[in-house]
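> If it helps, the file is called data10.txt and holds compact mmCIF, C-alpha atoms:
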# COMPACT_ATOMS: atom_id res chain seq x y z
CA MET A 1 0.00 0.00 0.00
CA LEU A 2 1.20 3.43 -0.98
CA ILE A 3 0.15 5.33 2.12
CA GLN A 4 3.19 4.42 4.21
CA GLU A 5 5.67 4.38 1.33
CA ASN A 6 8.63 6.67 1.26
CA TYR A 7 8.49 8.72 -1.95
CA ARG A 8 8.47 12.30 -3.11
CA ILE A 9 6.60 13.93 -5.97
CA ILE A 10 8.41 16.62 -7.94
CA LEU A 11 5.52 18.65 -9.31
CA ALA A 12 6.66 20.13 -12.61
CA SER A 13 3.90 22.73 -12.69
CA LYS A 14 3.55 26.19 -11.20
CA SER A 15 -0.26 25.96 -11.16
CA PRO A 16 -1.42 26.82 -7.62
CA ARG A 17 -4.49 24.64 -8.21
CA ARG A 18 -2.37 21.52 -8.78
CA SER A 19 -0.40 22.22 -5.60
CA GLN A 20 -3.66 22.71 -3.74
CA LEU A 21 -5.03 19.36 -4.93
CA LEU A 22 -1.89 17.45 -3.89
CA THR A 23 -1.93 19.18 -0.50
CA GLN A 24 -5.61 18.37 -0.04
CA ALA A 25 -4.95 14.72 -0.95
CA GLY A 26 -2.10 14.56 1.57
CA LEU A 27 0.54 13.56 -1.01
CA PRO A 28 4.15 14.67 -0.33
CA PHE A 29 5.52 16.99 -3.03
CA ILE A 30 7.80 19.85 -3.92
CA VAL A 31 7.41 22.20 -6.91
CA LYS A 32 10.23 22.37 -9.47
CA ALA A 33 9.37 23.38 -13.00
CA ASN A 34 11.39 24.46 -16.00
CA GLU A 35 9.85 26.72 -18.62
CA VAL A 36 8.55 24.68 -21.57
CA GLU A 37 7.26 26.03 -24.86
CA GLU A 38 3.67 24.78 -25.10
CA THR A 39 3.73 23.99 -28.81
CA TYR A 40 2.59 20.81 -30.56
CA PRO A 41 2.46 19.49 -34.12
CA ALA A 42 -0.38 21.17 -36.03
CA ALA A 43 -1.65 17.83 -37.36
CA MET A 44 -1.92 16.26 -33.89
CA PRO A 45 -5.48 15.16 -32.93
CA VAL A 46 -6.73 17.57 -30.23
CA ALA A 47 -7.34 14.81 -27.68
CA GLU A 48 -3.65 13.84 -27.80
CA VAL A 49 -2.31 17.35 -27.23
CA PRO A 50 -2.53 17.45 -23.40
CA VAL A 51 -0.66 14.11 -23.02
CA PHE A 52 1.99 15.31 -25.48
CA LEU A 53 2.46 18.56 -23.55
CA ALA A 54 2.52 16.78 -20.17
CA GLN A 55 5.31 14.51 -21.46
CA LYS A 56 7.22 17.53 -22.74
CA LYS A 57 6.95 19.23 -19.31
CA ALA A 58 7.90 16.07 -17.40
CA ARG A 59 10.93 15.37 -19.55
CA ALA A 60 12.12 18.96 -19.12
CA ALA A 61 12.12 18.32 -15.35
CA ARG A 62 13.97 14.99 -15.50
CA GLY A 63 17.13 16.65 -14.16
CA PHE A 64 15.40 17.26 -10.80
CA LEU A 65 15.28 13.50 -10.03
CA GLU A 66 17.67 12.81 -7.16
CA SER A 67 16.74 9.29 -6.01
CA THR A 68 14.82 6.21 -7.15
CA ARG A 69 11.92 7.29 -4.86
CA ASP A 70 11.53 10.63 -6.68
CA VAL A 71 8.69 10.92 -9.21
CA VAL A 72 8.32 13.84 -11.60
CA LEU A 73 4.64 14.73 -12.14
CA ALA A 74 3.56 17.02 -14.97
CA ALA A 75 0.13 17.83 -16.37
CA ASP A 76 -1.59 19.88 -19.03
CA SER A 77 -5.32 20.64 -19.20
CA VAL A 78 -7.28 21.64 -22.29
CA VAL A 79 -10.90 22.58 -22.90
CA ILE A 80 -12.38 21.09 -26.07
CA LEU A 81 -15.65 21.90 -27.83
CA ASP A 82 -16.62 20.89 -31.36
CA GLY A 83 -13.11 19.53 -31.94
CA GLU A 84 -11.53 22.89 -31.11
CA ILE A 85 -9.08 23.54 -28.26
CA PHE A 86 -9.78 26.62 -26.17
CA GLU A 87 -6.55 28.02 -24.78
CA LYS A 88 -6.06 30.70 -22.16
CA PRO A 89 -7.90 33.85 -23.34
CA VAL A 90 -5.64 36.56 -24.71
CA ASP A 91 -7.89 39.47 -23.71
CA GLU A 92 -11.39 40.34 -22.49
CA ALA A 93 -12.97 40.01 -25.93
CA ASP A 94 -11.42 36.56 -26.33
CA ALA A 95 -12.65 35.45 -22.88
CA GLN A 96 -16.14 36.70 -23.82
CA ARG A 97 -16.01 34.77 -27.10
CA ILE A 98 -14.91 31.54 -25.35
CA LEU A 99 -17.51 31.73 -22.56
CA GLY A 100 -20.19 32.60 -25.12
CA ARG A 101 -19.29 29.38 -26.95
CA LEU A 102 -19.37 27.27 -23.75
CA SER A 103 -22.76 28.71 -22.64
CA GLY A 104 -25.56 26.13 -22.60
CA ARG A 105 -23.29 23.39 -24.00
CA THR A 106 -21.36 20.34 -22.80
CA HIS A 107 -17.61 20.56 -23.38
CA GLU A 108 -14.76 18.23 -22.53
CA VAL A 109 -11.82 18.86 -20.25
CA ILE A 110 -8.86 16.57 -20.87
CA THR A 111 -5.91 16.65 -18.52
CA GLY A 112 -2.80 14.92 -19.80
CA VAL A 113 -0.52 13.54 -17.10
CA CYS A 114 3.04 12.25 -17.21
CA LEU A 115 4.89 10.55 -14.33
CA LEU A 116 8.60 9.96 -14.64
CA THR A 117 11.09 8.14 -12.42
CA SER A 118 14.74 7.33 -13.07
CA SER A 119 13.63 4.13 -14.81
CA ARG A 120 10.04 4.54 -16.01
CA GLU A 121 7.56 6.86 -17.70
CA ILE A 122 3.75 6.64 -17.53
CA ALA A 123 1.49 8.99 -19.49
CA PHE A 124 -2.28 9.13 -19.89
CA GLY A 125 -5.18 11.48 -20.42
CA ASP A 126 -8.33 11.81 -18.29
CA LEU A 127 -11.59 13.19 -19.64
CA THR A 128 -14.44 14.97 -17.83
CA ARG A 129 -17.59 16.23 -19.50
CA VAL A 130 -18.83 19.59 -18.20
CA LYS A 131 -22.32 20.97 -18.88
CA PHE A 132 -22.77 24.72 -18.56
CA GLY A 133 -26.17 26.32 -18.09
CA ASP A 134 -26.97 29.42 -20.14
CA LEU A 135 -24.66 32.36 -19.49
CA SER A 136 -26.07 35.82 -20.22
CA PRO A 137 -23.73 38.48 -21.68
CA GLU A 138 -24.01 40.34 -18.33
CA GLU A 139 -23.01 37.23 -16.38
CA ILE A 140 -20.04 36.64 -18.68
CA ILE A 141 -18.81 40.22 -18.24
CA HIS A 142 -19.39 40.05 -14.47
CA TYR A 143 -17.35 36.86 -14.24
CA ILE A 144 -14.46 38.06 -16.40
CA ARG A 145 -14.13 41.43 -14.63
CA THR A 146 -14.42 39.93 -11.13
CA TYR A 147 -12.27 36.82 -11.58
CA GLN A 148 -9.85 37.73 -14.41
CA PRO A 149 -9.62 34.17 -15.81
CA TYR A 150 -6.65 34.94 -18.08
CA ASP A 151 -4.49 32.10 -16.74
CA LYS A 152 -7.25 29.50 -17.23
CA ALA A 153 -7.70 27.27 -20.28
CA GLY A 154 -11.27 27.82 -21.48
CA ALA A 155 -11.47 31.13 -19.55
CA TYR A 156 -13.04 29.68 -16.39
CA ALA A 157 -12.24 27.93 -13.12
CA ILE A 158 -14.71 25.35 -11.82
CA GLN A 159 -14.07 26.32 -8.20
CA GLU A 160 -15.16 29.96 -8.72
CA TRP A 161 -18.59 31.61 -9.00
CA ILE A 162 -19.11 30.51 -12.59
CA GLY A 163 -18.34 26.87 -11.77
CA LEU A 164 -20.47 26.73 -8.65
CA CYS A 165 -23.48 28.68 -9.96
CA LYS A 166 -23.45 27.87 -13.67
CA ILE A 167 -22.16 24.32 -14.16
CA GLU A 168 -25.17 22.01 -14.14
CA LYS A 169 -23.39 18.69 -14.22
CA ILE A 170 -20.05 16.99 -14.66
CA GLU A 171 -19.26 13.42 -15.66
CA GLY A 172 -15.81 12.42 -14.47
CA THR A 173 -13.91 14.05 -11.62
CA TYR A 174 -13.88 17.62 -10.34
CA ALA A 175 -10.12 17.41 -9.68
CA ASN A 176 -9.52 16.67 -13.37
CA VAL A 177 -11.36 19.87 -14.32
CA MET A 178 -9.30 21.80 -11.72
CA GLY A 179 -6.16 20.53 -13.45
CA LEU A 180 -5.09 17.17 -12.05
CA PRO A 181 -6.94 13.81 -12.08
CA VAL A 182 -5.70 12.92 -8.58
CA GLN A 183 -7.36 9.50 -8.48
CA ARG A 184 -5.61 8.43 -11.72
CA VAL A 185 -2.33 9.90 -10.44
CA TRP A 186 -2.69 7.85 -7.23
CA LYS A 187 -3.23 4.65 -9.24
CA ALA A 188 -0.21 5.43 -11.43
CA LEU A 189 1.93 6.08 -8.32
CA GLU A 190 0.89 2.71 -6.90
CA ASP A 191 1.97 1.15 -10.18
CA ILE A 192 5.20 3.07 -10.74
CA LEU A 193 6.42 2.68 -7.12
CA ALA A 194 5.39 -0.97 -6.73
CA MET B 1 -29.96 39.53 -12.99
CA LEU B 2 -29.29 38.39 -9.45
CA ILE B 3 -25.68 39.51 -9.19
CA GLN B 4 -26.44 43.11 -8.35
CA GLU B 5 -29.57 42.39 -6.31
CA ASN B 6 -29.83 43.32 -2.68
CA TYR B 7 -30.60 40.19 -0.67
CA ARG B 8 -29.26 38.17 2.23
CA ILE B 9 -29.16 34.43 2.76
CA ILE B 10 -29.79 33.15 6.27
CA LEU B 11 -27.99 29.81 6.20
CA ALA B 12 -29.84 27.53 8.63
CA SER B 13 -26.95 25.06 8.86
CA LYS B 14 -23.82 24.91 10.98
CA SER B 15 -21.97 22.82 8.38
CA PRO B 16 -18.64 24.54 7.67
CA ARG B 17 -18.69 23.00 4.18
CA ARG B 18 -21.95 24.76 3.29
CA SER B 19 -20.55 28.09 4.51
CA GLN B 20 -17.39 27.44 2.48
CA LEU B 21 -19.40 26.80 -0.70
CA LEU B 22 -21.46 30.00 -0.34
CA THR B 23 -18.29 31.99 0.35
CA GLN B 24 -16.57 30.45 -2.68
CA ALA B 25 -19.59 31.29 -4.85
CA GLY B 26 -19.56 34.88 -3.60
CA LEU B 27 -23.12 34.79 -2.22
CA PRO B 28 -23.91 37.04 0.77
CA PHE B 29 -24.99 35.07 3.87
CA ILE B 30 -25.08 34.83 7.63
CA VAL B 31 -25.41 31.61 9.67
CA LYS B 32 -28.38 31.26 12.04
CA ALA B 33 -29.58 27.79 12.85
CA ASN B 34 -31.90 26.35 15.47
CA GLU B 35 -31.46 22.77 16.64
CA VAL B 36 -33.84 20.42 14.81
CA GLU B 37 -34.47 16.78 15.57
CA GLU B 38 -33.51 14.93 12.38
CA THR B 39 -36.33 12.40 12.48
CA TYR B 40 -38.68 11.41 9.67
CA PRO B 41 -41.63 9.06 9.21
CA ALA B 42 -40.41 5.44 9.01
CA ALA B 43 -42.53 4.75 5.92
CA MET B 44 -41.10 7.70 3.96
CA PRO B 45 -39.31 6.72 0.71
CA VAL B 46 -35.57 7.29 1.27
CA ALA B 47 -35.21 9.71 -1.65
CA GLU B 48 -37.78 12.05 -0.02
CA VAL B 49 -36.07 12.18 3.37
CA PRO B 50 -33.49 14.91 2.64
CA VAL B 51 -36.12 17.31 1.25
CA PHE B 52 -38.35 16.61 4.25
CA LEU B 53 -35.49 17.32 6.66
CA ALA B 54 -34.41 20.46 4.78
CA GLN B 55 -37.98 21.81 5.05
CA LYS B 56 -38.02 21.01 8.77
CA LYS B 57 -34.74 22.91 9.29
CA ALA B 58 -35.84 25.89 7.16
CA ARG B 59 -39.18 26.22 8.93
CA ALA B 60 -37.42 26.12 12.31
CA ALA B 61 -35.41 29.16 11.17
CA ARG B 62 -38.39 31.16 9.86
CA GLY B 63 -38.21 33.48 12.87
CA PHE B 64 -34.84 34.83 11.67
CA LEU B 65 -36.46 36.50 8.63
CA GLU B 66 -36.26 40.27 9.10
CA SER B 67 -37.10 41.70 5.67
CA THR B 68 -38.60 40.69 2.34
CA ARG B 69 -35.04 40.41 0.93
CA ASP B 70 -34.05 37.76 3.49
CA VAL B 71 -34.04 34.12 2.37
CA VAL B 72 -33.67 31.20 4.75
CA LEU B 73 -31.61 28.40 3.18
CA ALA B 74 -31.52 24.91 4.71
CA ALA B 75 -30.17 21.62 3.39
CA ASP B 76 -29.78 17.99 4.32
CA SER B 77 -27.52 15.46 2.55
CA VAL B 78 -27.90 11.69 2.60
CA VAL B 79 -25.87 8.85 1.11
CA ILE B 80 -27.99 6.07 -0.40
CA LEU B 81 -26.95 2.60 -1.55
CA ASP B 82 -29.28 -0.32 -2.31
CA GLY B 83 -32.22 1.69 -1.00
CA GLU B 84 -30.57 2.19 2.39
CA ILE B 85 -29.66 5.56 3.93
CA PHE B 86 -26.19 5.77 5.45
CA GLU B 87 -26.18 8.23 8.32
CA LYS B 88 -23.22 9.67 10.18
CA PRO B 89 -21.18 6.76 11.59
CA VAL B 90 -21.66 6.17 15.33
CA ASP B 91 -18.18 4.72 15.92
CA GLU B 92 -15.10 3.35 14.13
CA ALA B 93 -16.65 -0.05 13.47
CA ASP B 94 -19.69 1.62 11.92
CA ALA B 95 -17.51 3.84 9.71
CA GLN B 96 -15.59 0.72 8.61
CA ARG B 97 -18.85 -1.06 7.80
CA ILE B 98 -20.18 1.89 5.77
CA LEU B 99 -16.98 2.45 3.75
CA GLY B 100 -16.71 -1.31 3.17
CA ARG B 101 -20.19 -1.16 1.63
CA LEU B 102 -19.35 1.86 -0.57
CA SER B 103 -16.07 0.29 -1.82
CA GLY B 104 -16.10 -0.49 -5.55
CA ARG B 105 -19.72 0.62 -5.94
CA THR B 106 -21.73 3.57 -7.23
CA HIS B 107 -23.89 5.25 -4.58
CA GLU B 108 -26.18 8.27 -4.68
CA VAL B 109 -25.89 11.49 -2.74
CA ILE B 110 -29.12 13.43 -2.48
CA THR B 111 -29.10 16.89 -0.95
CA GLY B 112 -32.50 18.26 -0.07
CA VAL B 113 -32.77 22.04 -0.13
CA CYS B 114 -35.41 24.41 1.17
CA LEU B 115 -35.52 28.18 0.57
CA LEU B 116 -37.97 30.28 2.52
CA THR B 117 -38.92 33.96 2.34
CA SER B 118 -41.66 35.82 4.14
CA SER B 119 -44.04 34.88 1.32
CA ARG B 120 -42.71 31.77 -0.44
CA GLU B 121 -41.15 28.34 0.05
CA ILE B 122 -39.22 26.33 -2.55
CA ALA B 123 -37.94 22.82 -1.86
CA PHE B 124 -36.16 20.30 -4.08
CA GLY B 125 -33.64 17.49 -4.06
CA ASP B 126 -30.50 17.18 -6.18
CA LEU B 127 -28.89 13.84 -6.97
CA THR B 128 -25.25 13.02 -7.75
CA ARG B 129 -23.95 9.53 -8.50
CA VAL B 130 -20.54 8.75 -6.99
CA LYS B 131 -18.38 5.80 -8.04
CA PHE B 132 -15.79 4.61 -5.55
CA GLY B 133 -12.82 2.48 -6.57
CA ASP B 134 -11.90 -0.48 -4.38
CA LEU B 135 -10.99 0.44 -0.81
CA SER B 136 -8.73 -2.01 1.03
CA PRO B 137 -9.33 -2.57 4.78
CA GLU B 138 -5.98 -0.80 5.41
CA GLU B 139 -7.06 2.21 3.36
CA ILE B 140 -10.39 2.39 5.20
CA ILE B 141 -8.67 2.32 8.61
CA HIS B 142 -6.08 4.86 7.43
CA TYR B 143 -8.83 7.21 6.29
CA ILE B 144 -10.99 6.88 9.40
CA ARG B 145 -8.09 7.36 11.84
CA THR B 146 -6.60 10.29 9.92
CA TYR B 147 -9.78 12.17 9.01
CA GLN B 148 -12.29 11.15 11.74
CA PRO B 149 -15.36 11.35 9.46
CA TYR B 150 -17.89 11.10 12.30
CA ASP B 151 -19.77 14.24 11.29
CA LYS B 152 -20.19 13.09 7.66
CA ALA B 153 -23.16 11.22 6.22
CA GLY B 154 -21.76 8.07 4.60
CA ALA B 155 -18.52 8.38 6.62
CA TYR B 156 -16.55 10.32 3.98
CA ALA B 157 -15.91 13.80 2.60
CA ILE B 158 -15.32 14.15 -1.14
CA GLN B 159 -12.77 16.95 -0.62
CA GLU B 160 -10.45 14.79 1.51
CA TRP B 161 -7.91 12.06 0.64
CA ILE B 162 -10.56 9.41 0.10
CA GLY B 163 -12.53 11.60 -2.29
CA LEU B 164 -9.53 12.76 -4.30
CA CYS B 165 -7.70 9.42 -4.51
CA LYS B 166 -10.53 6.90 -4.45
CA ILE B 167 -13.55 8.40 -6.23
CA GLU B 168 -13.33 7.40 -9.89
CA LYS B 169 -16.22 9.40 -11.24
CA ILE B 170 -19.19 11.52 -10.33
CA GLU B 171 -22.28 12.34 -12.36
CA GLY B 172 -23.88 15.54 -11.13
CA THR B 173 -22.13 18.27 -9.18
CA TYR B 174 -19.27 18.14 -6.70
CA ALA B 175 -20.89 20.87 -4.58
CA ASN B 176 -23.97 18.68 -4.12
CA VAL B 177 -21.78 15.90 -2.70
CA MET B 178 -20.08 18.44 -0.41
CA GLY B 179 -23.51 19.36 0.95
CA LEU B 180 -25.13 22.08 -1.16
CA PRO B 181 -26.13 22.04 -4.87
CA VAL B 182 -25.09 25.66 -5.35
CA GLN B 183 -26.12 25.85 -9.00
CA ARG B 184 -29.70 24.76 -8.15
CA VAL B 185 -29.73 27.16 -5.17
CA TRP B 186 -28.68 30.00 -7.49
CA LYS B 187 -31.52 29.18 -9.91
CA ALA B 188 -34.01 29.03 -7.04
CA LEU B 189 -32.78 32.41 -5.72
CA GLU B 190 -33.29 33.93 -9.18
CA ASP B 191 -36.83 32.57 -9.11
CA ILE B 192 -37.77 33.44 -5.50
CA LEU B 193 -36.30 36.98 -5.63
CA ALA B 194 -37.60 37.79 -9.13
Render the structure in this file as structure tokens.


Amino acid sequence: MLIQENYRIILASKSPRRSQLLTQAGLPFIVKANEVEETYPAAMPVAEVPVFLAQKKARAARGFLESTRDVVLAADSVVILDGEIFEKPVDEADAQRILGRLSGRTHEVITGVCLLTSSREIAFGDLTRVKFGDLSPEEIIHYIRTYQPYDKAGAYAIQEWIGLCKIEKIEGTYANVMGLPVQRVWKALEDILA
Amino acid sequence: MLIQENYRIILASKSPRRSQLLTQAGLPFIVKANEVEETYPAAMPVAEVPVFLAQKKARAARGFLESTRDVVLAADSVVILDGEIFEKPVDEADAQRILGRLSGRTHEVITGVCLLTSSREIAFGDLTRVKFGDLSPEEIIHYIRTYQPYDKAGAYAIQEWIGLCKIEKIEGTYANVMGLPVQRVWKALEDILA
């Protein structure tokens, strides 16, 4: 059983939400991330992009491994609707456009994850479906101006007003939408440290 | 639109998780709750129990209403599996028994909600399906001793280790499992304050 094992996660991500999730789950970790250019081949199917980027981030942090009980953990989350990836919004108009598209629809959040030890690499993607209720133009503007979601893929965070008051249903896990499918990470840790 | 409206929620619940959800959603509230005996007719169908108890709690707080912009909000959450309600565990053995039953299965969380103003009452239940992965006896004991889930219906909290590492999937909202279906409450507020 993993609970009493002696290991350390090197979280290769500066996302405060990922740190918060690991803290909440009681998993031991430190944050060490190198800058990685988040580019991918133009022909790559959208559903494969987050796993590709997570691998890129994990491999860029390989140098932080100090012992065989160290595990690099990297992740990348994307919001997908109608086969299109919604990135972080570049400005207010872009955030308005993205939230207008998500209004009243079900989109997918895929978080790609890569775990890396001195001898192994595991990578996978986890998918959650998210159904938004209707968002009025006033609600969209209110949300953007109050919460400034410029560092969020898809221009929203599930744990803020818009997520609590406007998301009608999810299928999958909440943690995955926040940025890290903790349950899948736990399973992978059990496997990689066995 | 509700955002700029002048109203005040009187939360008739001492649950810190419900306060946390309202805070996170940015809704204005104060906590004022009277003690209510959480009993219900033995013949009542289990799915109706949380709405019945939420109404009981809301009505017991009616005296706190001071203006027509005050809204009493009460809620009651139950965990249901195989037609049986799992209450708060009475001791460690009971918590072990409950979590052993939930292991590897999909259960339902229903939160009953009641909103009350000086002139109206709205009550409803919201259902979320929760799928647990397998829990080993060691994991169950670890969770119970570390997190002491004696104040939680069903002997677990979704925002703790067990929820993050062992819940494979939910269908519905995370907030509902935490104790308050905030999105449905928001809709009801729009209706009752219109």

> Tell me, as a VMD selection string, which residues lie within 9 Å of Glu121 in chain B, counting all atoms listed in the file; anything in the same chain fewer than 6 positions away does not count.

chain B and resid 55 114 to 115 192

> Just the number, please: distance in Å from CA of Asn34 in chain A to CA of Ser13 in chain A, one decimal.

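Separation between CA of Asn34 in chain A and CA of Ser13 in chain A: 8.4 Å.
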
> Taking all atoms listed in the file into account and nothing else, which residues of chain A lie no more than 7 Å away from chain B? Please answer as a ChimeraX atom specification.

/A:24-26,160-161,164-174,182-183,186

> Please measure the separation of CA of Thr117 in chain B and CA of Lys32 in chain B, giving the value in Å to one decimal.

14.6 Å

> Which value, in Å to one decimal, gives the distance between CA of Thr68 in chain B and CA of Ala188 in chain B?

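CA of Thr68 in chain B sits 15.7 Å away from CA of Ala188 in chain B.
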
> Mind checking which residues fall within 6 Å of Gly125 in chain B, counting only C-alpha atoms, ignoring those fewer than 5 positions away in the same chain, and posting them as an mmCIF file with C-alpha atoms, in the coordinates of the input?


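Below is the file that was written, around.cif:
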data_model
loop_
_atom_site.group_PDB
_atom_site.id
_atom_site.type_symbol
_atom_site.label_atom_id
_atom_site.label_comp_id
_atom_site.auth_asym_id
_atom_site.auth_seq_id
_atom_site.Cartn_x
_atom_site.Cartn_y
_atom_site.Cartn_z
ATOM 1 C CA VAL B 51 -36.120 17.310 1.250
ATOM 2 C CA THR B 111 -29.100 16.890 -0.950
ATOM 3 C CA GLY B 112 -32.500 18.260 -0.070
#

> Around (-20.0, 43.6, -24.8), as given in the file, which residues come within 10 Å? Count only C-alpha atoms and list them as a compact mmCIF listing (two decimals) with C-alpha atoms, in the frame of the given file.


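File produced: result_20.txt:
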# COMPACT_ATOMS: atom_id res chain seq x y z
CA GLU A 92 -11.39 40.34 -22.49
CA ALA A 93 -12.97 40.01 -25.93
CA GLN A 96 -16.14 36.70 -23.82
CA ARG A 97 -16.01 34.77 -27.10
CA PRO A 137 -23.73 38.48 -21.68
CA GLU A 138 -24.01 40.34 -18.33
CA ILE A 140 -20.04 36.64 -18.68
CA ILE A 141 -18.81 40.22 -18.24

> Could you check which residues have any atom within 10 Å of (13.9, 17.8, -9.1), counting only C-alpha atoms with coordinates taken straight from the file, and then list them as a list in words?

Arg8, Ile9, Ile10, Leu11, Ala12, Ile30, Val31, Lys32, Ala33, Asn34, Ala61, Arg62, Gly63, Phe64, Leu65, Glu66, Ser67, Asp70, Val71 and Val72 of chain A

> Find the residues near range 80-84 of chain B: any atom within 7 Å, counting all atoms listed in the file, skip ones fewer than 6 places away on the same chain, and give them as a VMD selection string.

chain B and resid 46 107 to 109

> Ranking B:Tyr156, B:Ile85, B:Ala75, B:Asn6 by minimum distance to Met44 in chain B and counting all atoms listed in the file, which one comes first?

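Looking at the shortest contact to Met44 in chain B, the residue is B:Ile85.
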
> Compare A:Leu135, A:Pro149, A:Ala58, A:Ile98 by their minimum atom-to-atom distance to Ser118 in chain A, counting all atoms listed in the file, and give me the closest one.

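Among A:Leu135, A:Pro149, A:Ala58, A:Ile98, it is A:Ala58 that comes nearest to Ser118 in chain A.
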
> Extract, using all atoms listed in the file, all DNA, RNA and protein residues at most 7 Å from Gly104 in chain A, discarding same-chain residues fewer than 2 positions from it, and format them as an NGL selection string.

:A and (102 or 132-134)

> Measuring between all atoms listed in the file, which one of A:Val113, A:Arg59, A:Arg69, A:Gly154 shows the shortest distance to Leu127 in chain A?

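So, comparing all the options, the nearest one is A:Val113.
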
> Starting from the incomplete input, reconstruct N, CA and C atoms of range 61-75 of chain A and write that as a PDB file, keeping the file's coordinate frame.


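See rebuild-v8.pdb below for the written result:
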ATOM      1  N   ALA A  61      11.824  18.287 -16.797  1.00  0.00           N
ATOM      2  CA  ALA A  61      12.120  18.320 -15.350  1.00  0.00           C
ATOM      3  C   ALA A  61      12.889  17.082 -14.896  1.00  0.00           C
ATOM      4  N   ARG A  62      13.290  16.243 -15.836  1.00  0.00           N
ATOM      5  CA  ARG A  62      13.970  14.990 -15.500  1.00  0.00           C
ATOM      6  C   ARG A  62      15.221  15.226 -14.637  1.00  0.00           C
ATOM      7  N   GLY A  63      15.907  16.330 -14.898  1.00  0.00           N
ATOM      8  CA  GLY A  63      17.130  16.650 -14.160  1.00  0.00           C
ATOM      9  C   GLY A  63      16.927  16.856 -12.671  1.00  0.00           C
ATOM     10  N   PHE A  64      15.673  17.063 -12.231  1.00  0.00           N
ATOM     11  CA  PHE A  64      15.400  17.260 -10.800  1.00  0.00           C
ATOM     12  C   PHE A  64      15.363  15.953 -10.014  1.00  0.00           C
ATOM     13  N   LEU A  65      15.318  14.812 -10.719  1.00  0.00           N
ATOM     14  CA  LEU A  65      15.280  13.500 -10.030  1.00  0.00           C
ATOM     15  C   LEU A  65      16.578  13.299  -9.263  1.00  0.00           C
ATOM     16  N   GLU A  66      16.463  13.000  -7.978  1.00  0.00           N
ATOM     17  CA  GLU A  66      17.670  12.810  -7.160  1.00  0.00           C
ATOM     18  C   GLU A  66      17.809  11.384  -6.629  1.00  0.00           C
ATOM     19  N   SER A  67      16.663  10.662  -6.509  1.00  0.00           N
ATOM     20  CA  SER A  67      16.740   9.290  -6.010  1.00  0.00           C
ATOM     21  C   SER A  67      15.710   8.430  -6.731  1.00  0.00           C
ATOM     22  N   THR A  68      15.760   7.118  -6.490  1.00  0.00           N
ATOM     23  CA  THR A  68      14.820   6.210  -7.150  1.00  0.00           C
ATOM     24  C   THR A  68      13.412   6.336  -6.557  1.00  0.00           C
ATOM     25  N   ARG A  69      13.250   7.081  -5.441  1.00  0.00           N
ATOM     26  CA  ARG A  69      11.920   7.290  -4.860  1.00  0.00           C
ATOM     27  C   ARG A  69      11.346   8.643  -5.276  1.00  0.00           C
ATOM     28  N   ASP A  70      12.045   9.366  -6.147  1.00  0.00           N
ATOM     29  CA  ASP A  70      11.530  10.630  -6.680  1.00  0.00           C
ATOM     30  C   ASP A  70      10.666  10.344  -7.916  1.00  0.00           C
ATOM     31  N   VAL A  71       9.565  11.059  -8.045  1.00  0.00           N
ATOM     32  CA  VAL A  71       8.690  10.920  -9.210  1.00  0.00           C
ATOM     33  C   VAL A  71       8.362  12.322  -9.738  1.00  0.00           C
ATOM     34  N   VAL A  72       8.741  12.585 -10.980  1.00  0.00           N
ATOM     35  CA  VAL A  72       8.320  13.840 -11.600  1.00  0.00           C
ATOM     36  C   VAL A  72       6.859  13.697 -12.026  1.00  0.00           C
ATOM     37  N   LEU A  73       6.058  14.725 -11.741  1.00  0.00           N
ATOM     38  CA  LEU A  73       4.640  14.730 -12.140  1.00  0.00           C
ATOM     39  C   LEU A  73       4.379  16.010 -12.928  1.00  0.00           C
ATOM     40  N   ALA A  74       3.912  15.844 -14.168  1.00  0.00           N
ATOM     41  CA  ALA A  74       3.560  17.020 -14.970  1.00  0.00           C
ATOM     42  C   ALA A  74       2.164  16.813 -15.552  1.00  0.00           C
ATOM     43  N   ALA A  75       1.490  17.916 -15.850  1.00  0.00           N
ATOM     44  CA  ALA A  75       0.130  17.830 -16.370  1.00  0.00           C
ATOM     45  C   ALA A  75      -0.176  19.003 -17.281  1.00  0.00           C
TER      46      ALA A  75
END
